[in-house]
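Colleague: Structure incoming, see below.
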Amino acid sequence: HEGADSTSGAPRSLPRFSSDFCDSPPVRSRHLPTILLSTLLVSCGDDGARKLAPAPTLSARELMDASEAIEKFINAERTQEAVLVARKLIERAPVGSSAAATANELAAQALFVRARLPASEVDANERKTLLAEAALCAERSVASASADPAKIAFAALLASSAGNAEAARRLFDRSLALAPNDAPNLLQAALSALGAGDGARAKELAARRRIAAADDAWNDGLDAQIALAAPDLSLSSEDAAKAAIDAARRAVAADGDRLEFRMLLARALRKGAKPADAARMLSALEPSARAKPAIAEQFALALAESNDLVGAARAWEDALRGNPADPYVRAQTALAFHRAGLDVRAASELDALMLMKGGAAERTRIDAIWSNQR
């Protein structure tokens, strides 16, 4: 979670889905499509799960109905069924056809939505698999030379999220060749380059973005990100930290309500050996904001670096209160209480962690951290 990139600057035409979708039991809804879905899905099994029914062809009507079904299933928080329908479409669409492109686009969207479910619903391994499949589907959907630049940008964003830096760069370059002044896409391309460790490319894209959207606060936010992740080698560590602090402060001054900028400023202050300043700044946020895991992490790190280990544990405890089903937050809470010397409380959180979906993997992670600290 440390230093996680925001996607708030995603291209306007890209799908923007809520991250708090969760699958619900299949229930009848007047909003769900009913026509022709029987050719795609059949019910079987005692648990009511949907399974795919083989079918030899795909008509235009079925493609339209399935597209509607996927959208309705997503809106009804039935993401697994959306994914099943999308996968079936891909199986039935002729390779290289426009129907195949549409099927892959729909699958990418459905897989992406499911990958964004909370950790209580989708563990880290499943999320990784979903993102990889979504990225592959998205790239297939824009294979045509006439593909829309926004759809290419979405494919690039998914490739970056899946950790495929080479594909992400290629797709971002392709989309920017078609829409060179798309500021949100330039932001995402720069953040992707930073994630791949290519600071020079990130700086070049940031300069292009500043021309395309001169008054956007994200220009300063991006400069702060670059200074934090890939400082100019001609600068000392102290000067790089100052550059990050100055840029982050400009971003906060321009848009003080954006939590990403507050988090960037906290990271910059910590890098500049001013953790107490970072802690004071974050302590002024509303409790609901401090309960967000990314903010809680920066707050806890700032407090710990200020030698307030109990305060750091309480910061994670507040985040856990707002995210009780998140195994990462519970694991970090246990680790923070352990570092504060409150081992009874840490043990209690570990016991609860092992009962959670994804808890075993988080336990393995923090056990390794504990071992390295001994």
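Labels for the structure tokens follow display order: chains A, B, ..., residues from 1 in each chain, ligands from 1.
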Might you pull out every residue within 12 Å of A:Asn164, with only C-alpha atoms counted and same-chain residues fewer than 3 positions away left off, and present them as a PyMOL selection string?

Modeller: chain A and resi 128+131-136+139+155-161+167-171+192-193+195-196

Colleague: Let me see the file: selected residues, all heavy atoms, as a short mmCIF file (atom, residue, chain, number, x, y, z; two decimals), in the first residue's frame.

Modeller:
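Written out: result.cif:
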```
data_model
loop_
_atom_site.label_atom_id
_atom_site.label_comp_id
_atom_site.auth_asym_id
_atom_site.auth_seq_id
_atom_site.Cartn_x
_atom_site.Cartn_y
_atom_site.Cartn_z
N LYS A 128 -4.78 -10.77 -8.56
CA LYS A 128 -3.70 -10.77 -9.55
C LYS A 128 -4.11 -11.51 -10.82
O LYS A 128 -3.86 -11.05 -11.94
CB LYS A 128 -2.45 -11.40 -8.94
CG LYS A 128 -1.25 -11.43 -9.86
CD LYS A 128 -0.04 -12.03 -9.16
CE LYS A 128 1.17 -12.08 -10.08
NZ LYS A 128 2.35 -12.68 -9.40
N LEU A 131 -6.76 -9.43 -12.77
CA LEU A 131 -6.18 -8.29 -13.47
C LEU A 131 -5.40 -8.73 -14.71
O LEU A 131 -5.44 -8.07 -15.75
CB LEU A 131 -5.27 -7.50 -12.52
CG LEU A 131 -5.98 -6.62 -11.51
CD1 LEU A 131 -4.97 -6.03 -10.53
CD2 LEU A 131 -6.75 -5.49 -12.20
N ALA A 132 -4.68 -9.85 -14.58
CA ALA A 132 -3.92 -10.34 -15.74
C ALA A 132 -4.86 -10.72 -16.88
O ALA A 132 -4.61 -10.41 -18.05
CB ALA A 132 -3.07 -11.54 -15.33
N GLU A 133 -5.97 -11.39 -16.54
CA GLU A 133 -6.94 -11.78 -17.57
C GLU A 133 -7.62 -10.55 -18.15
O GLU A 133 -7.85 -10.47 -19.37
CB GLU A 133 -7.97 -12.74 -16.98
CG GLU A 133 -8.93 -13.30 -18.01
CD GLU A 133 -9.95 -14.26 -17.41
OE1 GLU A 133 -9.87 -14.57 -16.20
OE2 GLU A 133 -10.85 -14.69 -18.18
N ALA A 134 -7.95 -9.58 -17.30
CA ALA A 134 -8.58 -8.35 -17.78
C ALA A 134 -7.66 -7.61 -18.74
O ALA A 134 -8.10 -7.11 -19.78
CB ALA A 134 -8.93 -7.45 -16.60
N ALA A 135 -6.37 -7.55 -18.42
CA ALA A 135 -5.41 -6.86 -19.28
C ALA A 135 -5.31 -7.54 -20.64
O ALA A 135 -5.26 -6.88 -21.69
CB ALA A 135 -4.05 -6.80 -18.61
N LEU A 136 -5.28 -8.86 -20.63
CA LEU A 136 -5.20 -9.61 -21.88
C LEU A 136 -6.45 -9.38 -22.74
O LEU A 136 -6.35 -9.15 -23.95
CB LEU A 136 -5.03 -11.09 -21.58
CG LEU A 136 -4.91 -12.03 -22.80
CD1 LEU A 136 -3.69 -11.66 -23.63
CD2 LEU A 136 -4.81 -13.49 -22.32
N GLU A 139 -6.43 -5.81 -24.21
CA GLU A 139 -5.52 -5.64 -25.34
C GLU A 139 -6.09 -6.30 -26.60
O GLU A 139 -5.98 -5.75 -27.70
CB GLU A 139 -4.15 -6.22 -25.01
CG GLU A 139 -3.14 -5.96 -26.10
CD GLU A 139 -1.70 -6.22 -25.68
OE1 GLU A 139 -1.49 -6.75 -24.57
OE2 GLU A 139 -0.80 -5.89 -26.48
N ALA A 155 -6.92 -0.19 -21.90
CA ALA A 155 -6.11 -1.39 -22.00
C ALA A 155 -4.71 -1.15 -21.44
O ALA A 155 -4.14 -2.02 -20.77
CB ALA A 155 -6.01 -1.84 -23.47
N ALA A 156 -4.16 0.03 -21.68
CA ALA A 156 -2.85 0.37 -21.13
C ALA A 156 -2.88 0.42 -19.61
O ALA A 156 -1.97 -0.08 -18.93
CB ALA A 156 -2.39 1.72 -21.68
N LEU A 157 -3.95 1.01 -19.07
CA LEU A 157 -4.09 1.11 -17.62
C LEU A 157 -4.19 -0.28 -16.98
O LEU A 157 -3.58 -0.55 -15.94
CB LEU A 157 -5.33 1.93 -17.29
CG LEU A 157 -5.55 2.33 -15.83
CD1 LEU A 157 -4.41 3.19 -15.33
CD2 LEU A 157 -6.87 3.08 -15.69
N LEU A 158 -4.92 -1.17 -17.62
CA LEU A 158 -5.03 -2.53 -17.10
C LEU A 158 -3.70 -3.27 -17.19
O LEU A 158 -3.33 -4.01 -16.28
CB LEU A 158 -6.12 -3.29 -17.86
CG LEU A 158 -7.56 -2.93 -17.51
CD1 LEU A 158 -8.53 -3.75 -18.36
CD2 LEU A 158 -7.84 -3.16 -16.04
N ALA A 159 -2.98 -3.08 -18.30
CA ALA A 159 -1.67 -3.72 -18.44
C ALA A 159 -0.73 -3.24 -17.34
O ALA A 159 0.02 -4.03 -16.75
CB ALA A 159 -1.07 -3.43 -19.81
N SER A 160 -0.77 -1.96 -17.04
CA SER A 160 0.06 -1.41 -15.97
C SER A 160 -0.35 -1.99 -14.61
O SER A 160 0.51 -2.38 -13.81
CB SER A 160 -0.06 0.12 -15.95
OG SER A 160 0.76 0.68 -14.96
N SER A 161 -1.65 -2.08 -14.38
CA SER A 161 -2.14 -2.65 -13.11
C SER A 161 -1.75 -4.10 -12.96
O SER A 161 -1.53 -4.58 -11.85
CB SER A 161 -3.67 -2.52 -13.04
OG SER A 161 -4.07 -1.16 -13.08
N ALA A 167 3.83 -3.93 -22.19
CA ALA A 167 2.55 -3.77 -22.87
C ALA A 167 1.93 -2.43 -22.53
O ALA A 167 1.34 -1.76 -23.40
CB ALA A 167 1.61 -4.90 -22.50
N ALA A 168 2.05 -2.01 -21.27
CA ALA A 168 1.48 -0.73 -20.86
C ALA A 168 2.11 0.41 -21.64
O ALA A 168 1.41 1.30 -22.15
CB ALA A 168 1.68 -0.53 -19.37
N ARG A 169 3.42 0.39 -21.75
CA ARG A 169 4.09 1.47 -22.48
C ARG A 169 3.65 1.49 -23.94
O ARG A 169 3.36 2.57 -24.51
CB ARG A 169 5.61 1.29 -22.39
CG ARG A 169 6.36 2.34 -23.20
CD ARG A 169 7.84 2.31 -22.93
NE ARG A 169 8.53 3.35 -23.71
CZ ARG A 169 9.63 3.97 -23.33
NH1 ARG A 169 10.19 3.66 -22.18
NH2 ARG A 169 10.20 4.89 -24.08
N ARG A 170 3.61 0.33 -24.57
CA ARG A 170 3.24 0.25 -25.97
C ARG A 170 1.81 0.78 -26.19
O ARG A 170 1.55 1.53 -27.13
CB ARG A 170 3.35 -1.21 -26.44
CG ARG A 170 2.84 -1.47 -27.83
CD ARG A 170 3.27 -2.83 -28.35
NE ARG A 170 3.26 -3.86 -27.33
CZ ARG A 170 2.17 -4.50 -26.90
NH1 ARG A 170 0.98 -4.18 -27.40
NH2 ARG A 170 2.26 -5.44 -25.97
N LEU A 171 0.89 0.39 -25.29
CA LEU A 171 -0.50 0.82 -25.44
C LEU A 171 -0.67 2.30 -25.12
O LEU A 171 -1.43 3.00 -25.79
CB LEU A 171 -1.40 -0.04 -24.55
CG LEU A 171 -1.57 -1.49 -25.02
CD1 LEU A 171 -2.10 -2.37 -23.90
CD2 LEU A 171 -2.49 -1.56 -26.23
N SER A 192 2.39 5.16 -14.68
CA SER A 192 2.79 3.81 -15.08
C SER A 192 4.29 3.74 -15.28
O SER A 192 4.94 2.77 -14.86
CB SER A 192 2.06 3.42 -16.37
OG SER A 192 2.47 2.15 -16.82
N ALA A 193 4.87 4.77 -15.90
CA ALA A 193 6.32 4.80 -16.10
C ALA A 193 7.05 4.83 -14.76
O ALA A 193 8.06 4.14 -14.58
CB ALA A 193 6.70 6.02 -16.93
N GLY A 195 5.93 3.56 -11.97
CA GLY A 195 5.80 2.23 -11.41
C GLY A 195 6.77 1.24 -12.03
O GLY A 195 7.20 0.28 -11.38
N ALA A 196 7.16 1.49 -13.29
CA ALA A 196 8.11 0.62 -13.98
C ALA A 196 9.55 1.06 -13.74
O ALA A 196 10.47 0.45 -14.27
CB ALA A 196 7.81 0.61 -15.48
#
```

Colleague: So, with only C-alpha atoms as the atoms that count, which of A:Ala244, A:Leu176, A:Val113, A:Val83 lies closest to A:Ala190?

Modeller: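 When distances to A:Ala190 are compared using only C-alpha atoms, the smallest one comes from A:Leu176.
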
Colleague: Which residues, written as a ChimeraX atom specification, have at least one atom at most 12 Å from A:Ala227, with only C-alpha atoms counted and residues fewer than 2 positions away on the same chain left out?

Modeller: /A:194,199-200,202-203,206,220-225,229-248,264-265,267-268,271-272

Colleague: Give me a file of those residues, with N, CA and C atoms, as a compact mmCIF listing (two decimals), in the first residue's frame.

Modeller:
```
# COMPACT_ATOMS: atom_id res chain seq x y z
N LEU A 194 6.52 5.59 -13.81
CA LEU A 194 7.13 5.61 -12.48
C LEU A 194 7.08 4.23 -11.84
N GLY A 199 12.03 6.84 -14.65
CA GLY A 199 11.85 8.23 -14.25
C GLY A 199 11.98 9.20 -15.39
N ALA A 200 12.86 8.91 -16.33
CA ALA A 200 13.06 9.82 -17.46
C ALA A 200 11.79 9.92 -18.31
N ALA A 202 8.76 9.30 -17.25
CA ALA A 202 7.75 9.98 -16.43
C ALA A 202 7.91 11.49 -16.50
N LYS A 203 9.14 11.97 -16.44
CA LYS A 203 9.39 13.41 -16.50
C LYS A 203 8.99 13.99 -17.85
N ALA A 206 5.25 14.14 -17.94
CA ALA A 206 4.79 15.20 -17.04
C ALA A 206 4.93 16.56 -17.70
N ASP A 220 1.44 19.44 -10.30
CA ASP A 220 2.30 19.50 -9.11
C ASP A 220 2.29 18.17 -8.37
N GLY A 221 1.13 17.53 -8.34
CA GLY A 221 1.08 16.21 -7.71
C GLY A 221 2.00 15.22 -8.39
N LEU A 222 2.02 15.27 -9.72
CA LEU A 222 2.88 14.38 -10.48
C LEU A 222 4.35 14.72 -10.26
N ASP A 223 4.67 16.01 -10.20
CA ASP A 223 6.05 16.40 -9.91
C ASP A 223 6.50 15.86 -8.54
N ALA A 224 5.58 15.89 -7.57
CA ALA A 224 5.90 15.34 -6.25
C ALA A 224 6.14 13.84 -6.33
N GLN A 225 5.29 13.16 -7.08
CA GLN A 225 5.46 11.71 -7.26
C GLN A 225 6.82 11.41 -7.88
N ALA A 229 9.74 9.21 -6.23
CA ALA A 229 10.05 7.89 -6.78
C ALA A 229 11.35 7.85 -7.57
N ALA A 230 11.64 8.92 -8.27
CA ALA A 230 12.82 8.90 -9.13
C ALA A 230 13.45 10.30 -9.16
N PRO A 231 14.09 10.70 -8.08
CA PRO A 231 14.65 12.05 -8.02
C PRO A 231 15.76 12.25 -9.04
N ASP A 232 15.93 13.50 -9.43
CA ASP A 232 17.01 13.86 -10.34
C ASP A 232 18.34 13.51 -9.70
N LEU A 233 19.15 12.74 -10.41
CA LEU A 233 20.42 12.28 -9.83
C LEU A 233 21.38 13.43 -9.59
N SER A 234 21.11 14.57 -10.20
CA SER A 234 21.98 15.73 -9.97
C SER A 234 21.67 16.42 -8.65
N LEU A 235 20.56 16.05 -8.02
CA LEU A 235 20.18 16.66 -6.75
C LEU A 235 20.61 15.78 -5.59
N SER A 236 20.90 16.41 -4.46
CA SER A 236 21.17 15.65 -3.25
C SER A 236 19.85 15.10 -2.73
N SER A 237 19.93 14.16 -1.80
CA SER A 237 18.72 13.60 -1.22
C SER A 237 17.89 14.68 -0.54
N GLU A 238 18.58 15.61 0.11
CA GLU A 238 17.87 16.70 0.80
C GLU A 238 17.16 17.61 -0.20
N ASP A 239 17.83 17.92 -1.32
CA ASP A 239 17.20 18.79 -2.32
C ASP A 239 16.03 18.08 -3.01
N ALA A 240 16.18 16.77 -3.22
CA ALA A 240 15.08 16.01 -3.83
C ALA A 240 13.87 16.00 -2.91
N ALA A 241 14.12 15.84 -1.61
CA ALA A 241 13.02 15.85 -0.65
C ALA A 241 12.34 17.21 -0.63
N LYS A 242 13.14 18.27 -0.69
CA LYS A 242 12.58 19.62 -0.70
C LYS A 242 11.73 19.84 -1.95
N ALA A 243 12.20 19.34 -3.09
CA ALA A 243 11.44 19.47 -4.33
C ALA A 243 10.10 18.76 -4.21
N ALA A 244 10.11 17.57 -3.58
CA ALA A 244 8.87 16.82 -3.40
C ALA A 244 7.92 17.57 -2.46
N ILE A 245 8.47 18.11 -1.39
CA ILE A 245 7.64 18.85 -0.42
C ILE A 245 7.02 20.08 -1.08
N ASP A 246 7.83 20.82 -1.81
CA ASP A 246 7.33 22.04 -2.44
C ASP A 246 6.23 21.73 -3.45
N ALA A 247 6.44 20.69 -4.26
CA ALA A 247 5.44 20.33 -5.26
C ALA A 247 4.16 19.85 -4.60
N ALA A 248 4.28 19.02 -3.57
CA ALA A 248 3.10 18.50 -2.88
C ALA A 248 2.33 19.63 -2.20
N LEU A 264 0.56 12.50 -0.55
CA LEU A 264 1.84 12.82 -1.16
C LEU A 264 2.66 13.76 -0.28
N LEU A 265 1.99 14.75 0.30
CA LEU A 265 2.70 15.68 1.18
C LEU A 265 3.25 14.95 2.40
N ARG A 267 4.16 11.81 2.58
CA ARG A 267 5.32 11.04 2.13
C ARG A 267 6.53 11.95 1.92
N ALA A 268 6.29 13.11 1.33
CA ALA A 268 7.40 14.04 1.08
C ALA A 268 7.99 14.55 2.39
N LYS A 271 10.09 11.89 3.83
CA LYS A 271 11.35 11.78 3.08
C LYS A 271 12.30 12.90 3.49
N GLY A 272 11.75 14.06 3.82
CA GLY A 272 12.55 15.20 4.26
C GLY A 272 12.85 15.19 5.74
```

Colleague: Determine which residues of stretch 109-300 of chain A DSSP labels as helix (DSSP H, G or I) from the backbone of this structure, then write them out as a VMD selection string.

Modeller: chain A and resid 109 to 115 124 to 141 149 to 161 165 to 178 183 to 195 199 to 212 218 to 229 237 to 254 259 to 271 275 to 283 287 to 290 293 to 300

Colleague: Of the residues A:Arg280, A:Arg87, A:Arg365, A:Arg127, which is the one nearest to A:Gln332, using only C-alpha atoms?

Modeller: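 Ranked by minimum distance to A:Gln332, first place goes to A:Arg365.
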
Colleague: Do a neighbour search on A:Lys151 at 12 Å with only C-alpha atoms, toss out local chain neighbours closer than 6 positions, and write the hits as a PyMOL selection string.

Modeller: chain A and resi 10-15+101-102+104-106+108-109+135+137-144+157-158+171-172+174-176+178-179+185

Colleague: Would you save the residues of that selection, restricted to N, CA and C atoms, as a short mmCIF file (atom, residue, chain, number, x, y, z; two decimals), in the first residue's frame?

Modeller:
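Written output follows (result19.cif):
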```cif
data_model
loop_
_atom_site.label_atom_id
_atom_site.label_comp_id
_atom_site.auth_asym_id
_atom_site.auth_seq_id
_atom_site.Cartn_x
_atom_site.Cartn_y
_atom_site.Cartn_z
N ALA A 10 -7.70 9.09 -14.31
CA ALA A 10 -7.94 8.20 -15.44
C ALA A 10 -8.70 8.94 -16.53
N PRO A 11 -8.46 8.56 -17.77
CA PRO A 11 -9.18 9.22 -18.88
C PRO A 11 -10.67 9.24 -18.63
N ARG A 12 -11.30 10.34 -19.00
CA ARG A 12 -12.71 10.54 -18.66
C ARG A 12 -13.61 9.46 -19.22
N SER A 13 -13.24 8.93 -20.40
CA SER A 13 -14.12 7.97 -21.05
C SER A 13 -13.87 6.54 -20.60
N LEU A 14 -12.92 6.34 -19.72
CA LEU A 14 -12.68 5.00 -19.23
C LEU A 14 -13.74 4.61 -18.23
N PRO A 15 -14.02 3.31 -18.08
CA PRO A 15 -14.98 2.88 -17.08
C PRO A 15 -14.51 3.28 -15.69
N ALA A 101 -14.02 -8.53 -30.50
CA ALA A 101 -13.50 -7.31 -29.88
C ALA A 101 -14.46 -6.83 -28.79
N THR A 102 -15.75 -6.84 -29.11
CA THR A 102 -16.75 -6.42 -28.12
C THR A 102 -16.77 -7.36 -26.93
N ASN A 104 -14.35 -9.21 -25.76
CA ASN A 104 -13.15 -9.00 -24.95
C ASN A 104 -13.22 -7.70 -24.16
N GLU A 105 -13.81 -6.67 -24.76
CA GLU A 105 -13.98 -5.40 -24.04
C GLU A 105 -14.90 -5.59 -22.84
N LEU A 106 -16.01 -6.29 -23.04
CA LEU A 106 -16.94 -6.54 -21.94
C LEU A 106 -16.29 -7.39 -20.86
N ALA A 108 -13.09 -7.57 -20.15
CA ALA A 108 -12.11 -6.75 -19.43
C ALA A 108 -12.79 -5.91 -18.36
N GLN A 109 -13.94 -5.33 -18.71
CA GLN A 109 -14.65 -4.50 -17.74
C GLN A 109 -15.17 -5.34 -16.57
N ALA A 135 -6.37 -7.55 -18.42
CA ALA A 135 -5.41 -6.86 -19.28
C ALA A 135 -5.31 -7.54 -20.64
N CYS A 137 -7.61 -9.43 -22.11
CA CYS A 137 -8.86 -9.20 -22.84
C CYS A 137 -8.91 -7.78 -23.41
N ALA A 138 -8.50 -6.81 -22.61
CA ALA A 138 -8.55 -5.42 -23.06
C ALA A 138 -7.63 -5.21 -24.26
N GLU A 139 -6.43 -5.81 -24.21
CA GLU A 139 -5.52 -5.64 -25.34
C GLU A 139 -6.09 -6.30 -26.60
N ARG A 140 -6.70 -7.44 -26.45
CA ARG A 140 -7.33 -8.09 -27.60
C ARG A 140 -8.46 -7.24 -28.17
N SER A 141 -9.15 -6.53 -27.30
CA SER A 141 -10.30 -5.74 -27.75
C SER A 141 -9.91 -4.55 -28.60
N VAL A 142 -8.64 -4.14 -28.52
CA VAL A 142 -8.20 -2.97 -29.29
C VAL A 142 -7.18 -3.36 -30.35
N ALA A 143 -7.24 -4.61 -30.80
CA ALA A 143 -6.29 -5.08 -31.81
C ALA A 143 -6.46 -4.35 -33.14
N SER A 144 -7.67 -3.89 -33.42
CA SER A 144 -7.93 -3.20 -34.68
C SER A 144 -7.18 -1.88 -34.75
N LEU A 157 -3.95 1.01 -19.07
CA LEU A 157 -4.09 1.11 -17.62
C LEU A 157 -4.19 -0.28 -16.98
N LEU A 158 -4.92 -1.17 -17.62
CA LEU A 158 -5.03 -2.53 -17.10
C LEU A 158 -3.70 -3.27 -17.19
N LEU A 171 0.89 0.39 -25.29
CA LEU A 171 -0.50 0.82 -25.44
C LEU A 171 -0.67 2.30 -25.12
N PHE A 172 0.03 2.78 -24.09
CA PHE A 172 -0.05 4.22 -23.80
C PHE A 172 0.49 5.03 -24.98
N ARG A 174 0.51 4.20 -28.05
CA ARG A 174 -0.46 4.10 -29.15
C ARG A 174 -1.64 5.04 -28.92
N SER A 175 -2.15 5.07 -27.70
CA SER A 175 -3.31 5.94 -27.41
C SER A 175 -2.91 7.41 -27.48
N LEU A 176 -1.71 7.74 -27.01
CA LEU A 176 -1.27 9.13 -27.03
C LEU A 176 -0.91 9.60 -28.43
N LEU A 178 -2.75 8.96 -30.88
CA LEU A 178 -4.06 9.34 -31.41
C LEU A 178 -4.66 10.54 -30.69
N ALA A 179 -4.31 10.71 -29.42
CA ALA A 179 -4.83 11.83 -28.62
C ALA A 179 -3.69 12.39 -27.78
N ASN A 185 -4.86 10.86 -19.58
CA ASN A 185 -4.08 9.73 -20.09
C ASN A 185 -2.59 9.98 -19.91
#
```

Colleague: To one decimal place, how far is atom CA of A:Ala217 from atom CA of A:Ala266 in Å?

Modeller: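 Distance between the two atoms: 16.8 Å.
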
Colleague: Taking only C-alpha atoms into account, which of A:Ile74, A:Gly256, A:Leu269, A:Lys357 comes nearest A:Leu301?

Modeller: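 Using only C-alpha atoms, A:Leu301 sits closest to A:Leu269.
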